Amino acid sequence: MGLTIGVDIGGTKIAAGVVDEEGNILSTHKVPTPGTPEGIVDAIASAVEGARAGHEIVGVGIGAAGYVNRQRSEVYFAPNIDWRNEPLKEKVEARVGLPVVVENDANAAAWGEYKFGAGKGHRNVICITLGTGLGGGIIIGNKLRRGHFGVAAEFGHIRMVPDGLLCGCGSQGCWEQYASGRALVRYAKQRANATPENAEILLGLGDGSPDGIEGKHISMAARQGDPVAVDSYRELARWAGAGLADLASLFDPSAFIVGGGLSDEGELVLDPIRKSYKRWLVGGNWRPVADVIAAQLGNKAGLVGAADLAREPDPIM
């Protein structure tokens, strides 16, 4: 179908990139993320126009954090942008004069990894993104599965603990409260406060107090063998692996692809996740076990996936 543009809406910047059918990014253009919904539409149009210069473009795919309808046209709800039943497809099409599809950003990243990254060669994969929160995507039979209303794979809001920790979504005990970047920092602060003698390296990387611990400090300290930092990763991995075992019971994929910022730590986080997953997998000693592998595309996955999904037929048809 030719070249398409993928748009990744971030908290501080909006990036648009021209992507070919092999997943290669040919050009990009970035603009700051405005603070208003209408400003964001203007910024998306500006990023698209900047990226498309000199290229013949056939469509645009937008990755949006929020609940996107099955028709890939409207954002029902976005947690960080004041979008409520926002007709994003219609508004952006009017500005750029190209066909537009809107995708959930985690779905877009999952598709990018499946098509061009760690998922190549697989037909059935589940992707999870371990970042500030926890998201994901479902590819079964080489198809992205959005669900009847378009809002499937909100894995971070599966309730893992009845009446557990309050989540930003308003529920309690959501998976992302136990397996995410925020959870990792919370574990480290709690442990450093309880046993500061076991967190000397970790505390020394910050301001010396548990409140000064940041995610980057935990990674650095864990690689130096700091007991609190290592134990914090193990706790996160325990919850992440237990969740993957539940997803295996639902979807039986051949592979789990782990993306997001935490996956950048490689085996520091992946190895304990694999062990926890096998520990909690029902019948794990007697059944095939899915691979747990790191994502390969990094922060490009959402842009590349959104661009490629602009080539996909309407899922309603």
# chains A, B, ... in the order shown; residues from 1 in each chain; ligands from 1

$ select_by_dssp --residues "stretch 181-290 of chain A" --states "strand (DSSP E or B)" --output "PyMOL selection string"
chain A and resi 255-259

$ residues_around --residues "stretch 13-15 of chain A" --least-positions-apart "5" --cutoff "9 Å" --atoms "only C-alpha atoms" --output "list in words"
Gly6, Val7, Asp8, Thr28, His29, Lys30, Val31, Pro32, Thr33, Pro34, Ile40, Ala43, Ile44, Ala47, Val48, Ala51 and Leu303 of chain A

$ write_last_selection --atoms "N, CA, C and O atoms" --output "short mmCIF file (atom, residue, chain, number, x, y, z; two decimals), in the first residue's frame"
data_model
loop_
_atom_site.label_atom_id
_atom_site.label_comp_id
_atom_site.auth_asym_id
_atom_site.auth_seq_id
_atom_site.Cartn_x
_atom_site.Cartn_y
_atom_site.Cartn_z
N GLY A 6 3.04 7.05 11.15
CA GLY A 6 2.63 6.70 12.50
C GLY A 6 2.81 7.89 13.42
O GLY A 6 3.79 8.64 13.29
N VAL A 7 1.88 8.08 14.34
CA VAL A 7 1.93 9.19 15.29
C VAL A 7 1.91 8.62 16.70
O VAL A 7 1.03 7.83 17.05
N ASP A 8 2.87 9.03 17.50
CA ASP A 8 2.98 8.61 18.90
C ASP A 8 2.77 9.84 19.77
O ASP A 8 3.56 10.79 19.72
N THR A 28 11.18 11.63 10.41
CA THR A 28 10.38 11.92 11.61
C THR A 28 10.26 13.43 11.80
O THR A 28 11.06 14.21 11.29
N HIS A 29 9.24 13.79 12.54
CA HIS A 29 9.06 15.19 12.94
C HIS A 29 8.40 15.19 14.31
O HIS A 29 7.43 14.47 14.54
N LYS A 30 8.95 16.00 15.21
CA LYS A 30 8.44 16.05 16.58
C LYS A 30 8.03 17.46 16.94
O LYS A 30 8.66 18.43 16.53
N VAL A 31 6.94 17.55 17.73
CA VAL A 31 6.47 18.84 18.23
C VAL A 31 6.12 18.67 19.71
O VAL A 31 5.82 17.56 20.17
N PRO A 32 6.16 19.74 20.50
CA PRO A 32 5.77 19.63 21.90
C PRO A 32 4.29 19.25 22.05
O PRO A 32 3.46 19.61 21.21
N THR A 33 3.99 18.53 23.12
CA THR A 33 2.60 18.15 23.40
C THR A 33 1.89 19.30 24.11
O THR A 33 2.29 19.70 25.21
N PRO A 34 0.84 19.86 23.50
CA PRO A 34 0.11 20.96 24.14
C PRO A 34 -0.73 20.46 25.31
O PRO A 34 -0.88 19.25 25.53
N ILE A 40 -3.78 19.56 20.87
CA ILE A 40 -3.17 18.28 20.49
C ILE A 40 -3.53 17.93 19.05
O ILE A 40 -2.69 17.44 18.29
N ALA A 43 -1.33 19.94 16.96
CA ALA A 43 0.05 19.44 17.02
C ALA A 43 0.21 18.17 16.20
O ALA A 43 1.24 17.97 15.53
N ILE A 44 -0.78 17.28 16.24
CA ILE A 44 -0.73 16.06 15.41
C ILE A 44 -0.64 16.44 13.93
O ILE A 44 0.18 15.91 13.18
N ALA A 47 2.82 17.75 13.15
CA ALA A 47 3.82 16.68 13.10
C ALA A 47 3.70 15.88 11.83
O ALA A 47 4.70 15.51 11.20
N VAL A 48 2.45 15.58 11.43
CA VAL A 48 2.23 14.82 10.19
C VAL A 48 2.74 15.60 8.98
O VAL A 48 3.43 15.05 8.11
N ALA A 51 6.53 15.53 8.85
CA ALA A 51 7.12 14.24 8.48
C ALA A 51 6.88 13.88 7.02
O ALA A 51 7.73 13.25 6.39
N LEU A 303 5.07 3.94 17.27
CA LEU A 303 5.00 4.70 16.02
C LEU A 303 4.97 3.75 14.82
O LEU A 303 4.14 3.90 13.91
#

$ residues_around --residues "stretch 200-206 of chain A" --least-positions-apart "6" --cutoff "10 Å" --atoms "only C-alpha atoms" --output "PyMOL selection string"
chain A and resi 188-189+192-193+212-214+216-222+224-229

$ closest_residue --among "A:Asp207, A:Asp308, A:Asp246, A:Asp231" --to "A:Gly63" --atoms "only C-alpha atoms"
A:Asp308

$ residues_around --residues "A:Gly61" --least-positions-apart "2" --cutoff "6 Å" --atoms "only C-alpha atoms" --output "PyMOL selection string"
chain A and resi 6+100-102+306-307+310

$ atom_distance --atom1 "atom CA of A:Gly112" --atom2 "atom CA of A:Gly302"
6.4 Å

$ atom_distance --atom1 "atom CA of A:Arg52" --atom2 "atom CA of A:Pro87"
22.8 Å

$ atom_distance --atom1 "atom CA of A:Ala240" --atom2 "atom CA of A:Cys174"
11.9 Å

$ closest_residue --among "A:Leu184, A:Ala301, A:Leu88, A:Val68" --to "A:Ala153" --atoms "only C-alpha atoms"
A:Val68

$ select_by_dssp --residues "stretch 208-309 of chain A" --states "alpha helix (DSSP H)" --output "VMD selection string"
chain A and resid 215 to 223 227 to 251 267 to 280 301 to 309

$ closest_residue --among "A:Tyr76, A:Leu144, A:Thr132, A:Gly283" --to "A:Asp314" --atoms "only C-alpha atoms"
A:Leu144

$ residues_around --residues "A:Gly97" --least-positions-apart "6" --cutoff "12 Å" --atoms "only C-alpha atoms" --output "list in words"
Ala45, Val48, Glu49, Arg52, Ile57, Val58, Gly59, Val60, Lys89, Glu90 and Lys91 of chain A

$ residues_around --residues "A:Tyr114" --least-positions-apart "6" --cutoff "10 Å" --atoms "only C-alpha atoms" --output "ChimeraX atom specification"
/A:108,120-127,137-139,142-144,257,295-296,301,305

$ write_last_selection --atoms "N, CA, C and O atoms" --output "JSON list (two decimals), in the first residue's frame"
[["chain", "number", "residue", "atom", "x", "y", "z"],
["A", 108, "ALA", "N", -0.86, -0.56, 19.43],
["A", 108, "ALA", "CA", 0.04, -0.19, 18.35],
["A", 108, "ALA", "C", 1.45, -0.71, 18.62],
["A", 108, "ALA", "O", 2.11, -1.25, 17.72],
["A", 120, "LYS", "N", 8.36, -11.62, 15.43],
["A", 120, "LYS", "CA", 8.45, -12.19, 14.08],
["A", 120, "LYS", "C", 8.58, -13.70, 14.16],
["A", 120, "LYS", "O", 9.36, -14.24, 14.92],
["A", 121, "GLY", "N", 7.78, -14.40, 13.34],
["A", 121, "GLY", "CA", 7.79, -15.85, 13.35],
["A", 121, "GLY", "C", 6.73, -16.47, 14.24],
["A", 121, "GLY", "O", 6.55, -17.69, 14.23],
["A", 122, "HIS", "N", 6.04, -15.66, 15.04],
["A", 122, "HIS", "CA", 4.97, -16.14, 15.91],
["A", 122, "HIS", "C", 3.61, -15.77, 15.33],
["A", 122, "HIS", "O", 3.45, -14.72, 14.70],
["A", 123, "ARG", "N", 2.62, -16.63, 15.59],
["A", 123, "ARG", "CA", 1.23, -16.34, 15.21],
["A", 123, "ARG", "C", 0.40, -15.87, 16.39],
["A", 123, "ARG", "O", -0.60, -15.16, 16.20],
["A", 124, "ASN", "N", 0.79, -16.29, 17.58],
["A", 124, "ASN", "CA", -0.01, -16.02, 18.78],
["A", 124, "ASN", "C", 0.90, -15.48, 19.87],
["A", 124, "ASN", "O", 1.66, -16.25, 20.47],
["A", 125, "VAL", "N", 0.84, -14.18, 20.11],
["A", 125, "VAL", "CA", 1.68, -13.57, 21.13],
["A", 125, "VAL", "C", 0.85, -12.62, 21.99],
["A", 125, "VAL", "O", -0.13, -12.04, 21.54],
["A", 126, "ILE", "N", 1.27, -12.50, 23.22],
["A", 126, "ILE", "CA", 0.71, -11.50, 24.13],
["A", 126, "ILE", "C", 1.84, -10.55, 24.48],
["A", 126, "ILE", "O", 2.93, -10.98, 24.88],
["A", 127, "CYS", "N", 1.59, -9.27, 24.32],
["A", 127, "CYS", "CA", 2.58, -8.26, 24.66],
["A", 127, "CYS", "C", 2.16, -7.53, 25.92],
["A", 127, "CYS", "O", 0.97, -7.21, 26.09],
["A", 137, "GLY", "N", -1.20, -5.93, 24.57],
["A", 137, "GLY", "CA", -1.89, -6.18, 23.32],
["A", 137, "GLY", "C", -1.99, -7.67, 23.07],
["A", 137, "GLY", "O", -1.17, -8.46, 23.56],
["A", 138, "ILE", "N", -2.99, -8.06, 22.30],
["A", 138, "ILE", "CA", -3.27, -9.47, 22.02],
["A", 138, "ILE", "C", -3.20, -9.69, 20.52],
["A", 138, "ILE", "O", -3.93, -9.06, 19.76],
["A", 139, "ILE", "N", -2.33, -10.59, 20.09],
["A", 139, "ILE", "CA", -2.30, -11.02, 18.69],
["A", 139, "ILE", "C", -2.54, -12.52, 18.66],
["A", 139, "ILE", "O", -1.74, -13.30, 19.18],
["A", 142, "ASN", "N", -2.44, -14.21, 14.02],
["A", 142, "ASN", "CA", -1.89, -13.12, 13.21],
["A", 142, "ASN", "C", -2.80, -11.89, 13.14],
["A", 142, "ASN", "O", -2.62, -11.03, 12.28],
["A", 143, "LYS", "N", -3.77, -11.80, 14.03],
["A", 143, "LYS", "CA", -4.69, -10.66, 14.06],
["A", 143, "LYS", "C", -4.62, -9.96, 15.41],
["A", 143, "LYS", "O", -4.54, -10.61, 16.46],
["A", 144, "LEU", "N", -4.65, -8.63, 15.36],
["A", 144, "LEU", "CA", -4.75, -7.85, 16.59],
["A", 144, "LEU", "C", -6.18, -7.95, 17.09],
["A", 144, "LEU", "O", -7.13, -7.60, 16.38],
["A", 257, "ILE", "N", 5.84, -11.11, 24.97],
["A", 257, "ILE", "CA", 6.84, -10.08, 24.67],
["A", 257, "ILE", "C", 6.72, -9.00, 25.73],
["A", 257, "ILE", "O", 5.64, -8.43, 25.92],
["A", 295, "ALA", "N", 11.15, -7.13, 24.28],
["A", 295, "ALA", "CA", 10.82, -6.37, 23.08],
["A", 295, "ALA", "C", 12.11, -5.87, 22.43],
["A", 295, "ALA", "O", 13.13, -5.71, 23.09],
["A", 296, "GLN", "N", 12.04, -5.62, 21.14],
["A", 296, "GLN", "CA", 13.24, -5.22, 20.39],
["A", 296, "GLN", "C", 13.21, -3.79, 19.86],
["A", 296, "GLN", "O", 14.26, -3.21, 19.60],
["A", 301, "ALA", "N", 8.32, 1.27, 18.84],
["A", 301, "ALA", "CA", 7.31, 0.26, 18.56],
["A", 301, "ALA", "C", 5.94, 0.87, 18.30],
["A", 301, "ALA", "O", 5.22, 0.46, 17.37],
["A", 305, "GLY", "N", 4.13, 0.56, 14.79],
["A", 305, "GLY", "CA", 2.91, -0.24, 14.80],
["A", 305, "GLY", "C", 1.70, 0.56, 14.34],
["A", 305, "GLY", "O", 0.87, 0.05, 13.57]]

$ residues_around --residues "A:Gly260" --least-positions-apart "5" --cutoff "12 Å" --atoms "only C-alpha atoms" --output "ChimeraX atom specification"
/A:105-106,109-110,113,127-136,179-181,265-266,269,294-302
